[in-house]
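Some notes on the structure that comes next.
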Amino acid sequence: QANDVAGAFRVLQQMIDNGVEVETQTFNIILRGMVQSGDAEGAAIYLQRLIEGGHTMDYFSFTAVIDGFAKQAQPERAEWAFAVMTQVGVKPSVVTFNALIDAYSKAGDNRGAGAVLRKMKTAGLRPDVVSYTSVVDACATAGDPEAAVQTILDMQAAGVSPSQVTWKLVISACKNAGDAVWAAVAFRRLTELGVEMNVAMLAALQDVLGEEGARQLQKEVSAAKPSAARR
């Protein structure tokens with residue numbers, strides 16, 4: 001069963017006792033199980049033991065541990081796993097970098113998230129919509145709408161289209177910073193994309209602009225639609 005780590009270890013021991021050669025994929029299943037059960041630190045210790053035991057691990061192994069630390073908002077430990085990955089010569093994938101960015105994002109460290117994004121580009125990998133959106137998410141948590149918008153501009157310059165979630169996170173960043181200017185920009189952009197604002201996002205907009213300000217902005221945007229259509 002999923003997350004039955006003790007059971008997985010029993011099966012592994014039976015395989016070893018029967019002389020079955022254990023493949024990396026089997027170890028990865030155990031690592032993922034430990035992470036899913038919330039034991040990222042235990043997974044990291046086990047990964048280290050496997051490496052010291054001469055086992056060849058792959059990027060799935062390290063990404064699982066990095067993702068585990070990301071879920072616990074521990075970027076320092078995620079960086080440790082990433083560093084070990086590099087030391088043993090395993091090349092990180094886009095998914096690996098995204099997990100590392102997510103660790104900083106959940107910790108609200110937009111500078112750290114941005115640094116990983118740059119490191120990703122330096123490694124010759126192309127960040128995807130998840131990469132950029134995770135950085136914007138970090139900006140939202142940190143209440144830095146200007147950095148959030150700059151990330152979107154960088155994203156568009158790289159040929160990656162922001163998703164609805166990406167733009168909604170800009171409004172969250174504005175809410176956390178109390179920035180009315182960028183909130184209005186993000187709302188207009190979401191409207192242009194045809195995104196219907198849900199109750200939570202409208203509430204966030206009202207938190208920044210006030211109830212009357214949010215209502216006025218919605219009227220202005222609605223009034224602009226017919227003239228845009230005529231053009």
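Identifiers in the structure tokens: chain A, B, ... in order shown; residue index from 1 per chain; ligand index from 1 in order shown.
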
### Message
With only C-alpha atoms as the counted atoms, please give the residues lying no more than 9 Å from Gly178 (chain A), apart from itself and same-chain residues fewer than 2 positions off, as a PyMOL selection string.
### Response
chain A and resi 143+173-176+180+183+207-209

Would you save the residues of that selection, restricted to N, CA and C atoms, as a PDB file, in the first residue's frame?
ATOM      1  N   GLY A 143       5.094  39.443  -0.415  1.00  0.00           N
ATOM      2  CA  GLY A 143       4.454  40.744  -0.591  1.00  0.00           C
ATOM      3  C   GLY A 143       5.284  41.690  -1.438  1.00  0.00           C
ATOM      4  N   ALA A 173       0.140  39.046  -4.306  1.00  0.00           N
ATOM      5  CA  ALA A 173       1.323  39.814  -3.911  1.00  0.00           C
ATOM      6  C   ALA A 173       0.923  41.242  -3.570  1.00  0.00           C
ATOM      7  N   CYS A 174       0.014  41.803  -4.365  1.00  0.00           N
ATOM      8  CA  CYS A 174      -0.470  43.167  -4.127  1.00  0.00           C
ATOM      9  C   CYS A 174      -1.240  43.241  -2.810  1.00  0.00           C
ATOM     10  N   LYS A 175      -2.026  42.219  -2.546  1.00  0.00           N
ATOM     11  CA  LYS A 175      -2.791  42.181  -1.295  1.00  0.00           C
ATOM     12  C   LYS A 175      -1.844  42.181  -0.103  1.00  0.00           C
ATOM     13  N   ASN A 176      -0.820  41.356  -0.187  1.00  0.00           N
ATOM     14  CA  ASN A 176       0.112  41.239   0.934  1.00  0.00           C
ATOM     15  C   ASN A 176       0.955  42.504   1.122  1.00  0.00           C
ATOM     16  N   ALA A 180      -1.990  49.100  -4.607  1.00  0.00           N
ATOM     17  CA  ALA A 180      -3.178  49.258  -5.448  1.00  0.00           C
ATOM     18  C   ALA A 180      -2.855  49.340  -6.934  1.00  0.00           C
ATOM     19  N   ALA A 183      -2.147  45.903  -8.405  1.00  0.00           N
ATOM     20  CA  ALA A 183      -3.382  45.110  -8.315  1.00  0.00           C
ATOM     21  C   ALA A 183      -4.294  45.435  -9.493  1.00  0.00           C
ATOM     22  N   ASP A 207      -9.490  44.030  -0.757  1.00  0.00           N
ATOM     23  CA  ASP A 207      -8.585  44.300   0.364  1.00  0.00           C
ATOM     24  C   ASP A 207      -7.570  45.379  -0.001  1.00  0.00           C
ATOM     25  N   VAL A 208      -7.170  45.394  -1.279  1.00  0.00           N
ATOM     26  CA  VAL A 208      -6.150  46.346  -1.728  1.00  0.00           C
ATOM     27  C   VAL A 208      -6.786  47.683  -2.124  1.00  0.00           C
ATOM     28  N   LEU A 209      -7.865  47.620  -2.914  1.00  0.00           N
ATOM     29  CA  LEU A 209      -8.457  48.839  -3.465  1.00  0.00           C
ATOM     30  C   LEU A 209      -9.607  49.393  -2.631  1.00  0.00           C
TER      31      LEU A 209
END

### Task
Show which residues sit within 12 Å of region 24-41 of chain A, as a PyMOL selection string. Count only C-alpha atoms, and ignore same-chain residues fewer than 4 positions away.
chain A and resi 1-13+15-16+20+45-51+54-74+77-78+80-81

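The closest residue to Asn110 (chain A), picked from A:Val135, A:Ala186, A:Ala203, A:Val149 and counting only C-alpha atoms, is A:Val135.
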
### Task
Run DSSP on the backbone of this structure and report the residues of region 107-196 of chain A it assigns to helix (DSSP H, G or I), as a PyMOL selection string.
chain A and resi 110-122+129-142+145-157+164-177+180-192

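Here CA of Lys91 (chain A) and CA of Val160 (chain A) stand 23.4 Å from one another.
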
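Taking only C-alpha atoms into account, Ala204 (chain A) lies nearest to A:Asp179 out of the set A:Glu220, A:Asp179, A:Glu52, A:Glu192.
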
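With distances restricted to only C-alpha atoms, A:Val94 is the closest residue to Lys121 (chain A) from A:Val94, A:Ala177, A:Ala200, A:Val22.
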
Where does region 115-139 of chain A meet region 82-88 of chain A within 12 Å, residue by residue, with the nearest atom pair and distance in Å to one decimal for each, counting only C-alpha atoms, listed by chain and rising number, as a tab-separated table?
residue	atom	partner	partner_atom	distance
A:Val116	CA	A:Phe82	CA	10.9
A:Lys119	CA	A:Phe82	CA	11.9
A:Ala123	CA	A:Thr86	CA	11.5

### Query
Which value, in Å to one decimal, gives the distance between CA of Met120 (chain A) and CA of Lys168 (chain A)?
24.4 Å

### Query
For Asn98 (chain A), which of A:Ser172, A:Thr166, A:Thr133, A:Asn18 is the closest residue, counting only C-alpha atoms?
A:Thr133

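Interatomic distance, CA of Cys139 (chain A) to CA of Ser105 (chain A): 7.8 Å.
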
### Residue contacts of Val221 (chain A) (8 Å, only C-alpha atoms) excluding same-chain residues fewer than 3 positions away, as a ChimeraX atom specification
/A:188,191,217-218,224-225
